[in-house]
$ cat start_2.txt   # compact mmCIF, C-alpha atoms
# COMPACT_ATOMS: atom_id res chain seq x y z
CA MET A 25 249.27 143.63 25.95
CA ALA A 26 251.36 140.99 27.64
CA SER A 27 252.73 138.38 25.30
CA ALA A 28 251.19 134.96 25.75
CA ILE A 29 250.07 132.42 23.14
CA THR A 30 250.88 133.01 19.47
CA THR A 31 248.12 131.76 17.18
CA LEU A 32 247.45 131.77 13.46
CA ALA A 33 244.81 134.26 12.34
CA ALA A 34 242.48 131.44 11.29
CA ASP A 35 242.81 129.83 14.71
CA ALA A 36 242.65 133.02 16.75
CA PRO A 37 240.17 132.88 19.64
CA THR A 38 236.91 134.77 19.32
CA LEU A 39 234.88 136.28 22.10
CA SER A 40 232.73 133.70 23.85
CA ALA A 41 229.57 135.05 25.45
CA ALA A 42 229.31 131.90 27.56
CA ASN A 43 232.84 132.12 28.93
CA THR A 44 232.53 135.86 29.44
CA GLY A 45 229.33 135.45 31.43
CA PHE A 46 230.84 132.58 33.40
CA MET A 47 233.88 134.67 34.33
CA LEU A 48 231.78 137.67 35.37
CA ILE A 49 229.82 135.40 37.70
CA CYS A 50 233.09 133.97 39.06
CA SER A 51 234.37 137.50 39.63
CA ALA A 52 231.27 138.33 41.66
CA LEU A 53 231.72 135.13 43.69
CA VAL A 54 235.31 136.05 44.51
CA MET A 55 234.20 139.55 45.50
CA LEU A 56 231.72 137.97 47.94
CA MET A 57 234.60 136.16 49.62
CA THR A 58 235.94 139.39 51.13
CA PRO A 59 232.71 140.18 53.04
CA GLY A 60 232.61 136.46 53.90
CA LEU A 61 236.12 136.74 55.31
CA ALA A 62 235.03 139.82 57.27
CA PHE A 63 232.25 137.83 58.95
CA PHE A 64 234.56 134.86 59.52
CA TYR A 65 237.17 137.02 61.21
CA GLY A 66 234.66 139.36 62.85
CA GLY A 67 232.95 136.53 64.70
CA MET A 68 236.26 135.12 65.92
CA VAL A 69 237.33 138.20 67.85
CA ARG A 70 235.99 139.63 71.09
CA VAL A 71 232.96 141.87 70.78
CA LYS A 72 234.92 145.02 71.58
CA SER A 73 236.97 144.75 68.36
CA SER A 74 234.56 143.07 65.96
CA LEU A 75 233.79 146.20 63.91
CA ASN A 76 237.48 146.93 63.48
CA MET A 77 237.97 143.40 62.21
CA LEU A 78 235.14 143.80 59.72
CA MET A 79 236.53 147.11 58.49
CA MET A 80 240.04 145.74 58.00
CA SER A 81 238.59 143.45 55.33
CA PHE A 82 236.06 145.83 53.82
CA ILE A 83 238.57 148.66 53.36
CA SER A 84 240.56 146.44 51.03
CA LEU A 85 237.66 146.57 48.57
CA GLY A 86 238.21 150.31 48.32
CA ILE A 87 241.98 150.68 48.43
CA VAL A 88 243.03 147.77 46.24
CA THR A 89 240.36 148.42 43.61
CA ILE A 90 241.62 151.95 42.97
CA LEU A 91 245.30 150.95 42.98
CA TRP A 92 244.58 148.03 40.65
CA VAL A 93 242.96 150.34 38.10
CA LEU A 94 245.70 152.98 38.39
CA TYR A 95 248.74 150.72 38.08
CA GLY A 96 248.28 147.32 39.76
CA PHE A 97 246.99 145.44 36.73
CA SER A 98 249.83 146.81 34.65
CA LEU A 99 252.46 145.75 37.20
CA ALA A 100 251.03 142.27 37.62
CA PHE A 101 250.04 141.40 34.04
CA GLY A 102 251.74 143.89 31.76
CA THR A 103 254.62 143.05 29.45
CA ASP A 104 257.35 141.30 31.40
CA SER A 105 260.52 143.12 32.43
CA GLY A 106 263.36 140.99 33.75
CA SER A 107 260.97 138.22 34.85
CA LEU A 108 260.21 140.27 37.97
CA ILE A 109 257.56 142.82 37.08
CA GLY A 110 255.24 143.80 34.28
CA TRP A 111 254.22 147.08 32.67
CA ASN A 112 251.88 148.15 29.91
CA SER A 113 250.85 151.78 29.51
CA ASP A 114 247.54 150.67 27.97
CA TYR A 115 246.63 149.09 31.29
CA VAL A 116 247.29 152.24 33.34
CA GLY A 117 243.87 153.43 34.39
CA LEU A 118 242.50 150.63 32.16
CA SER A 119 242.36 153.41 29.59
CA GLY A 120 243.87 151.79 26.50
CA ILE A 121 241.86 148.58 26.39
CA GLY A 122 239.42 147.94 23.57
CA LEU A 123 235.84 147.08 24.43
CA THR A 124 236.04 143.59 22.97
CA GLU A 125 239.83 143.17 23.10
CA LEU A 126 240.56 139.61 24.20
CA TRP A 127 243.00 138.43 26.81
CA ASP A 128 245.80 136.73 24.87
CA GLY A 129 244.95 133.15 23.99
CA TYR A 130 241.52 133.21 25.63
CA THR A 131 237.94 133.95 24.69
CA ILE A 132 237.18 136.57 27.35
CA PRO A 133 237.75 140.34 27.17
CA VAL A 134 240.74 141.92 28.89
CA TYR A 135 238.31 143.84 31.07
CA VAL A 136 236.86 140.58 32.40
CA PHE A 137 240.28 139.11 33.13
CA ALA A 138 241.27 142.34 34.87
CA VAL A 139 238.24 142.42 37.15
CA PHE A 140 238.57 138.72 38.00
CA GLN A 141 242.20 139.17 39.02
CA LEU A 142 241.26 142.35 40.90
CA MET A 143 239.17 140.30 43.32
CA PHE A 144 242.20 138.12 44.11
CA ALA A 145 244.22 141.24 44.82
CA VAL A 146 241.46 142.56 47.10
CA ILE A 147 241.17 139.53 49.36
CA THR A 148 244.89 138.82 49.80
CA PRO A 149 245.78 141.74 52.14
CA ALA A 150 242.44 141.23 53.92
CA LEU A 151 243.65 137.73 54.84
CA ILE A 152 246.62 139.25 56.67
CA SER A 153 244.36 141.28 58.96
CA GLY A 154 243.22 138.26 60.96
CA ALA A 155 246.67 137.94 62.50
CA LEU A 156 246.59 141.52 63.79
CA ALA A 157 243.26 141.62 65.63
CA ASP A 158 242.66 144.04 68.52
CA ARG A 159 245.82 146.11 68.28
CA VAL A 160 246.51 147.93 64.98
CA LYS A 161 245.63 151.54 64.19
CA PHE A 162 243.17 151.64 61.34
CA SER A 163 245.06 154.48 59.61
CA ALA A 164 248.27 152.46 59.79
CA TRP A 165 246.47 149.43 58.38
CA VAL A 166 245.17 151.48 55.45
CA LEU A 167 248.66 152.68 54.60
CA PHE A 168 250.16 149.22 55.09
CA THR A 169 247.57 147.72 52.71
CA ALA A 170 248.36 150.24 49.98
CA LEU A 171 252.11 149.73 50.32
CA TRP A 172 251.90 145.95 50.63
CA VAL A 173 249.87 145.30 47.50
CA THR A 174 252.20 147.61 45.56
CA VAL A 175 255.52 146.20 46.77
CA VAL A 176 254.58 142.60 47.47
CA TYR A 177 251.34 141.37 45.90
CA PHE A 178 251.59 142.92 42.42
CA PRO A 179 255.17 141.67 41.81
CA VAL A 180 254.47 138.20 43.23
CA ALA A 181 251.32 137.86 41.10
CA HIS A 182 253.52 138.60 38.08
CA TRP A 183 256.11 136.01 39.14
CA VAL A 184 253.47 133.31 39.48
CA TRP A 185 250.89 134.10 36.77
CA GLY A 186 252.31 136.75 34.45
CA ALA A 187 253.70 135.70 31.08
CA GLY A 188 257.47 135.91 31.56
CA GLY A 189 257.30 135.82 35.36
CA TRP A 190 260.18 133.74 36.67
CA LEU A 191 258.10 131.22 38.62
CA PHE A 192 255.65 130.94 35.73
CA GLU A 193 258.52 130.19 33.34
CA LEU A 194 260.07 127.74 35.81
CA GLY A 195 256.90 125.66 35.66
CA VAL A 196 255.60 126.15 39.20
CA ILE A 197 251.97 125.00 39.33
CA ASP A 198 249.67 127.36 41.22
CA PHE A 199 246.19 126.98 39.80
CA ALA A 200 244.48 129.71 41.82
CA GLY A 201 246.76 131.19 44.45
CA GLY A 202 248.51 128.85 46.88
CA THR A 203 251.71 130.87 46.58
CA ALA A 204 250.52 134.25 45.32
CA VAL A 205 247.59 134.51 47.74
CA HIS A 206 247.83 132.22 50.76
CA ILE A 207 251.55 131.74 51.35
CA ASN A 208 252.02 135.39 50.45
CA ALA A 209 249.44 136.55 53.01
CA GLY A 210 250.45 134.05 55.68
CA ALA A 211 254.13 134.95 55.48
CA ALA A 212 253.26 138.65 55.56
CA ALA A 213 251.13 138.09 58.65
CA LEU A 214 254.02 136.37 60.40
CA GLY A 215 256.41 139.17 59.46
CA VAL A 216 254.11 141.88 60.81
CA ILE A 217 253.23 140.19 64.10
CA LEU A 218 256.91 139.57 64.83
CA VAL A 219 257.36 143.36 64.60
CA ILE A 220 254.28 144.67 66.42
CA GLY A 221 254.19 142.08 69.17
CA LYS A 222 251.50 140.35 71.17
CA ARG A 223 248.08 141.48 72.32
CA VAL A 224 247.71 142.61 75.91
CA GLY A 225 246.85 139.49 77.90
CA PHE A 226 248.03 136.97 75.29
CA LYS A 227 248.18 133.48 76.88
CA LYS A 228 246.65 134.96 80.08
CA ASP A 229 243.21 136.36 79.31
CA PRO A 230 240.39 134.44 77.58
CA MET A 231 240.11 135.60 73.95
CA ARG A 232 237.24 133.46 72.76
CA PRO A 233 235.14 134.21 69.65
CA HIS A 234 232.19 136.45 70.46
CA SER A 235 229.87 134.99 67.75
CA LEU A 236 230.36 131.50 66.42
CA PRO A 237 227.25 131.84 64.21
CA LEU A 238 229.03 134.72 62.41
CA VAL A 239 232.10 132.50 62.01
CA MET A 240 229.99 129.75 60.44
CA LEU A 241 228.24 132.24 58.17
CA GLY A 242 231.58 133.62 57.04
CA ALA A 243 232.96 130.14 56.41
CA GLY A 244 229.88 129.27 54.36
CA LEU A 245 230.23 132.40 52.24
CA LEU A 246 233.92 131.65 51.72
CA TRP A 247 233.14 128.08 50.69
CA PHE A 248 230.49 129.31 48.25
CA GLY A 249 232.66 132.04 46.76
CA TRP A 250 235.66 129.73 46.48
CA PHE A 251 234.02 127.85 43.62
CA GLY A 252 234.42 131.03 41.55
CA PHE A 253 237.91 131.58 42.96
CA ASN A 254 239.08 128.13 41.88
CA ALA A 255 236.99 127.03 38.90
CA GLY A 256 237.17 130.51 37.36
CA SER A 257 240.96 130.50 37.37
CA TRP A 258 240.98 128.39 34.20
CA LEU A 259 239.42 131.45 32.49
CA GLY A 260 236.86 129.42 30.59
CA ASN A 261 234.67 126.38 30.62
CA ASP A 262 235.41 124.62 27.32
CA ASP A 263 237.63 121.65 28.14
CA GLY A 264 236.51 120.29 31.50
CA VAL A 265 239.49 121.44 33.57
CA GLY A 266 237.42 124.03 35.41
CA ALA A 267 234.82 121.37 36.14
CA VAL A 268 237.46 119.10 37.69
CA MET A 269 238.64 122.04 39.79
CA PHE A 270 235.07 122.70 40.91
CA VAL A 271 234.66 119.07 42.04
CA ASN A 272 238.05 118.99 43.73
CA THR A 273 237.24 122.18 45.63
CA GLN A 274 234.20 120.54 47.19
CA VAL A 275 235.92 117.23 47.82
CA ALA A 276 239.07 118.61 49.46
CA THR A 277 237.11 121.01 51.65
CA ALA A 278 234.90 118.21 52.93
CA ALA A 279 237.92 115.99 53.62
CA ALA A 280 239.76 118.76 55.47
CA MET A 281 236.77 119.59 57.64
CA LEU A 282 236.35 115.95 58.64
CA ALA A 283 240.07 115.53 59.24
CA TRP A 284 240.26 118.65 61.42
CA LEU A 285 237.24 117.50 63.46
CA GLY A 286 238.72 114.03 63.84
CA TYR A 287 242.02 115.43 65.06
CA GLU A 288 240.18 117.80 67.38
CA LYS A 289 238.11 114.98 68.89
CA LEU A 290 241.17 112.84 69.50
CA ARG A 291 243.26 115.71 70.83
CA HIS A 292 240.71 117.72 72.80
CA GLY A 293 237.67 115.50 73.15
CA SER A 294 235.13 117.64 71.28
CA PHE A 295 233.80 118.42 67.81
CA THR A 296 233.59 122.24 67.70
CA THR A 297 231.90 124.58 65.26
CA LEU A 298 235.07 126.65 65.15
CA GLY A 299 236.97 123.51 64.18
CA ALA A 300 234.49 122.70 61.41
CA ALA A 301 234.76 126.23 59.98
CA SER A 302 238.55 126.33 60.28
CA GLY A 303 238.94 122.87 58.76
CA ALA A 304 236.81 123.85 55.78
CA VAL A 305 238.94 126.95 55.18
CA ALA A 306 242.13 124.88 55.49
CA GLY A 307 240.87 122.54 52.79
CA LEU A 308 239.91 125.43 50.53
CA VAL A 309 243.38 126.92 50.96
CA ALA A 310 245.20 123.67 50.24
CA ILE A 311 243.25 122.71 47.14
CA THR A 312 243.66 126.18 45.62
CA PRO A 313 247.09 125.51 44.09
CA ALA A 314 246.59 121.76 43.58
CA GLY A 315 243.03 121.27 42.35
CA GLY A 316 243.83 121.60 38.67
CA SER A 317 246.47 118.89 38.73
CA VAL A 318 245.06 116.17 40.98
CA SER A 319 242.19 113.69 40.70
CA PRO A 320 239.23 113.72 43.11
CA LEU A 321 240.93 110.94 45.08
CA GLY A 322 244.04 113.09 45.21
CA ALA A 323 241.86 115.98 46.40
CA ILE A 324 240.68 113.86 49.33
CA ALA A 325 244.31 113.24 50.26
CA VAL A 326 245.25 116.92 49.89
CA GLY A 327 242.31 118.02 52.02
CA ALA A 328 242.80 115.42 54.74
CA ILE A 329 246.53 116.08 55.05
CA ALA A 330 246.00 119.84 55.16
CA GLY A 331 243.20 119.53 57.70
CA VAL A 332 245.41 117.65 60.15
CA LEU A 333 248.53 119.76 59.53
CA CYS A 334 246.66 123.04 59.97
CA ALA A 335 244.88 121.80 63.10
CA MET A 336 248.27 120.94 64.54
CA ALA A 337 249.85 124.20 63.39
CA VAL A 338 247.41 126.58 65.09
CA GLY A 339 248.87 125.61 68.46
CA LEU A 340 252.42 126.56 67.48
CA LYS A 341 251.81 130.20 68.41
CA TYR A 342 251.58 129.22 72.07
CA ARG A 343 254.73 127.15 71.88
CA PHE A 344 256.81 129.77 70.08
CA GLY A 345 255.16 132.90 71.51
CA TYR A 346 253.99 134.74 68.38
CA ASP A 347 250.46 136.13 68.61
CA ASP A 348 248.72 135.08 65.40
CA SER A 349 245.31 136.22 66.60
CA LEU A 350 243.04 134.29 64.21
CA ASP A 351 245.48 131.65 62.94
CA VAL A 352 246.39 133.14 59.58
CA VAL A 353 249.82 131.52 59.82
CA GLY A 354 248.43 128.19 60.97
CA VAL A 355 245.75 127.98 58.27
CA HIS A 356 246.81 130.08 55.28
CA LEU A 357 250.60 129.76 55.42
CA VAL A 358 250.68 126.11 56.44
CA GLY A 359 247.71 125.20 54.24
CA GLY A 360 249.21 127.03 51.28
CA ILE A 361 252.56 125.29 51.75
CA ALA A 362 250.90 121.89 52.08
CA GLY A 363 248.73 122.29 48.99
CA SER A 364 251.56 123.65 46.88
CA LEU A 365 254.03 120.92 47.82
CA LEU A 366 251.48 118.12 47.52
CA VAL A 367 251.21 118.94 43.82
CA GLY A 368 254.67 117.40 43.61
CA PHE A 369 253.23 114.12 44.92
CA PHE A 370 249.68 113.90 43.55
CA ALA A 371 249.77 115.63 40.13
CA THR A 372 248.36 113.12 37.63
CA GLY A 373 249.62 114.73 34.44
CA GLY A 374 246.16 114.46 32.94
CA VAL A 375 244.28 117.63 33.94
CA GLN A 376 245.74 121.11 33.55
CA SER A 377 249.16 120.01 32.33
CA ASP A 378 251.24 116.89 31.68
CA ALA A 379 253.42 117.49 34.76
CA LYS A 380 253.35 114.41 37.00
CA GLY A 381 254.05 114.10 40.70
CA LEU A 382 256.13 111.52 42.53
CA PHE A 383 253.23 109.09 43.03
CA TYR A 384 252.42 109.12 39.30
CA GLY A 385 255.89 108.42 37.98
CA GLY A 386 257.11 111.99 37.69
CA GLY A 387 259.97 111.70 40.13
CA LEU A 388 261.03 114.69 42.22
CA GLU A 389 261.22 117.28 39.45
CA GLN A 390 257.84 118.92 40.00
CA LEU A 391 258.22 118.77 43.77
CA GLY A 392 261.49 120.67 43.43
CA LYS A 393 259.83 123.35 41.33
CA GLN A 394 257.00 123.65 43.85
CA ALA A 395 259.48 124.02 46.69
CA VAL A 396 261.25 126.87 44.88
CA GLY A 397 257.92 128.66 44.43
CA VAL A 398 256.84 128.11 48.02
CA PHE A 399 259.99 129.25 49.75
CA SER A 400 260.85 132.16 47.44
CA VAL A 401 257.41 133.73 47.93
CA LEU A 402 257.51 132.97 51.66
CA ALA A 403 260.90 134.58 52.15
CA TYR A 404 260.16 137.65 50.04
CA SER A 405 256.82 138.36 51.65
CA LEU A 406 258.04 137.70 55.19
CA VAL A 407 261.07 139.96 54.95
CA VAL A 408 259.51 142.83 53.00
CA SER A 409 256.36 142.83 55.13
CA ALA A 410 258.38 142.90 58.34
CA ILE A 411 260.47 145.81 57.03
CA MET A 412 257.37 147.75 56.04
CA ALA A 413 255.72 147.14 59.42
CA PHE A 414 258.91 148.23 61.21
CA LEU A 415 259.15 151.47 59.22
CA LEU A 416 255.48 152.28 59.78
CA ASP A 417 255.76 151.48 63.47
CA LYS A 418 258.75 153.80 63.86
CA THR A 419 257.10 156.66 61.96
CA ILE A 420 253.31 156.84 62.38
CA GLY A 421 253.02 153.94 64.84
CA MET A 422 251.28 150.65 64.07
CA ARG A 423 249.68 149.90 67.43
CA VAL A 424 246.93 151.60 69.37
CA ALA A 425 247.63 152.63 72.97
CA GLU A 426 247.39 149.88 75.57
CA ASP A 427 244.33 151.39 77.26
CA VAL A 428 242.55 151.54 73.88
CA GLU A 429 243.31 147.88 73.27
CA VAL A 430 242.03 146.92 76.72
CA SER A 431 238.84 148.99 76.54
CA GLY A 432 238.14 148.11 72.92
CA ILE A 433 239.43 149.36 69.60
CA ASP A 434 236.01 149.81 67.99
CA GLN A 435 234.91 152.85 69.96
CA VAL A 436 238.21 154.74 69.57
CA GLU A 437 239.02 153.92 65.95
CA HIS A 438 235.47 153.91 64.53
CA ALA A 439 233.29 155.73 67.09
CA GLU A 440 230.89 152.78 67.02
CA THR A 441 230.17 149.51 68.76
CA ALA A 442 228.93 146.31 67.15
CA TYR A 443 225.95 145.88 69.47
CA ASP A 444 223.98 148.61 71.25
CA PHE A 445 222.76 147.48 74.63
CA SER A 446 222.16 150.98 75.99
CA GLY A 447 218.48 151.32 74.99
CA ALA A 448 215.62 150.46 77.35
CA GLY A 449 214.74 146.78 77.19
CA GLY A 450 211.57 145.84 75.35
CA GLY A 451 210.88 149.07 73.48
CA ILE A 452 208.68 148.63 70.41
CA SER A 453 208.39 144.89 70.86
CA ALA A 454 206.85 145.39 74.31
CA ARG A 455 204.15 147.65 72.85
CA THR A 456 203.32 145.21 70.06
CA THR A 457 202.94 142.23 72.37
CA THR A 458 200.79 143.83 75.11
CA ALA A 459 197.42 145.54 75.21
CA PRO A 460 197.39 149.19 74.06
CA ALA A 461 198.14 151.65 76.90
CA PRO A 462 195.74 154.43 77.80
CA ALA A 463 196.22 157.58 75.75
CA ALA A 464 197.76 159.57 78.59
CA ALA A 465 200.15 156.81 79.50
CA SER A 466 201.02 156.32 75.86
CA LYS A 467 201.93 159.96 75.45
CA LYS A 468 204.11 159.78 78.53
CA VAL A 469 206.00 156.77 77.22
CA ASP A 470 206.48 158.37 73.80
CA ALA A 471 207.80 161.53 75.39
$ encode --input "start_2.txt" --output "structure tokens"
Amino acid sequence: MASAITTLAADAPTLSAANTGFMLICSALVMLMTPGLAFFYGGMVRVKSSLNMLMMSFISLGIVTILWVLYGFSLAFGTDSGSLIGWNSDYVGLSGIGLTELWDGYTIPVYVFAVFQLMFAVITPALISGALADRVKFSAWVLFTALWVTVVYFPVAHWVWGAGGWLFELGVIDFAGGTAVHINAGAAALGVILVIGKRVGFKKDPMRPHSLPLVMLGAGLLWFGWFGFNAGSWLGNDDGVGAVMFVNTQVATAAAMLAWLGYEKLRHGSFTTLGAASGAVAGLVAITPAGGSVSPLGAIAVGAIAGVLCAMAVGLKYRFGYDDSLDVVGVHLVGGIAGSLLVGFFATGGVQSDAKGLFYGGGLEQLGKQAVGVFSVLAYSLVVSAIMAFLLDKTIGMRVAEDVEVSGIDQVEHAETAYDFSGAGGGISARTTTAPAPAAASKKVDA
């Protein structure tokens, strides 16, 4: 097992049924976030590519789960090697772990920690997919996902959270994934779209969401699941830190939603449902790294700042000409950067650690550490993801043919469409709402 906290035998943690149950529930909540993300993204695209968007999230549940069991958990949380990667043969296939063996320094089994962290690994590549809507071969996406989690996510998770990881040892604060999840995914999305290019008709054709109710449903599921994502990252519920994170998650999300809507009203004259959903997600992203180190008042500031910054950032794609289809860069990269850096201003020193931000007398030290974490993960993910996308594009091809993109990727890649309008109108409902037809006529209709 990875080295962590050394304790005396008399003080050694014992398995807590309460914490174990709490963490299993949190794991299930984080799992729900991936289907929630699928609905969020699926409603934002045009109807002709909505199934493909759903599948790009759902497939991650399959691919990443298997890779995590085979070697991902070992690479991310095994014994440190050079501060860059981990490895523990007992974690390969999760085959050498005792039934009640505890995660070092905690009161939950290794199995529970492993499955909780698995759900983080699952959703991170799914986040990238929103930037690539309408134009990526599903087979290429499957291969990219497998390669990306292996080469990018597993090592970065070790840097940030693994005992001995270089950012962990530096003292970078990332409570639940501002760097490892959101900046990582957002930078990867930018790297890939710079390689594969724009959608046909970008900045010319209308590309409005086909189902805003689906977007709102997805945002609600993400908001709900995020309580497990954030509060569960303390790995227990004994000292109140997880409770503070739970409160801050709600507070920052509310502040970001209101801030986004306020900006939108001033800038464009309307309060939109898409703005409400996007603002909520921006707040969730920003509070993820910061919520364990700020007060609820600080959480309001983090959420409000992120809401405005992300609302401003989503328009940058039109100014600079990169086609970030569903604003992964604008929300997850910018929101992750904002939340991570704001730790350096608003950390109180009285929640998860004694590290204080600039506004609480801590000077610039923590801000400097946060900046190192932010920009090292950003650069690594951006460059490696772009290289991987380039190699895949030059070998098996990343993009579908132009005529497939124009006609709709769902039918070609999945042999299905999201909505079937080909049947005769009325059908069964017409029979149930009108008087019964004569027997002969009824037979004719049924035939």
$ closest_residue --input "start_2.txt" --among "A:Val326, A:Ile49, A:Met269, A:Val352" --to "A:Thr148" --atoms "all atoms listed in the file"
A:Val352
$ axis_aligned_box --input "start_2.txt" --around "stretch 84-102 of chain A" --padding-each-side "3 Å" --output "lines of an AutoDock Vina configuration file"
center_x = 245.1
center_y = 147.2
center_z = 41.4
size_x = 20.8
size_y = 17.6
size_z = 25.3
$ atom_distance --input "start_2.txt" --atom1 "atom CA of A:Ser113" --atom2 "atom CA of A:Ala100"
12.5 Å
$ atom_distance --input "start_2.txt" --atom1 "atom CA of A:Gly67" --atom2 "atom CA of A:Val166"
21.4 Å
$ atom_distance --input "start_2.txt" --atom1 "atom CA of A:His356" --atom2 "atom CA of A:Phe178"
18.8 Å
$ residues_around --input "start_2.txt" --residues "A:Ala204" --least-positions-apart "3" --cutoff "12 Å" --atoms "all atoms listed in the file" --output "ChimeraX atom specification"
/A:100,141,144-145,147-149,173,176-186,191-192,196-201,207-212,309,312-313,356-357,360-361,364,397-402,404-405
$ residues_around --input "start_2.txt" --residues "A:Leu365" --least-positions-apart "4" --cutoff "9 Å" --atoms "all atoms listed in the file" --output "PyMOL selection string"
chain A and resi 314+360-361+369+390-392+394-395+398
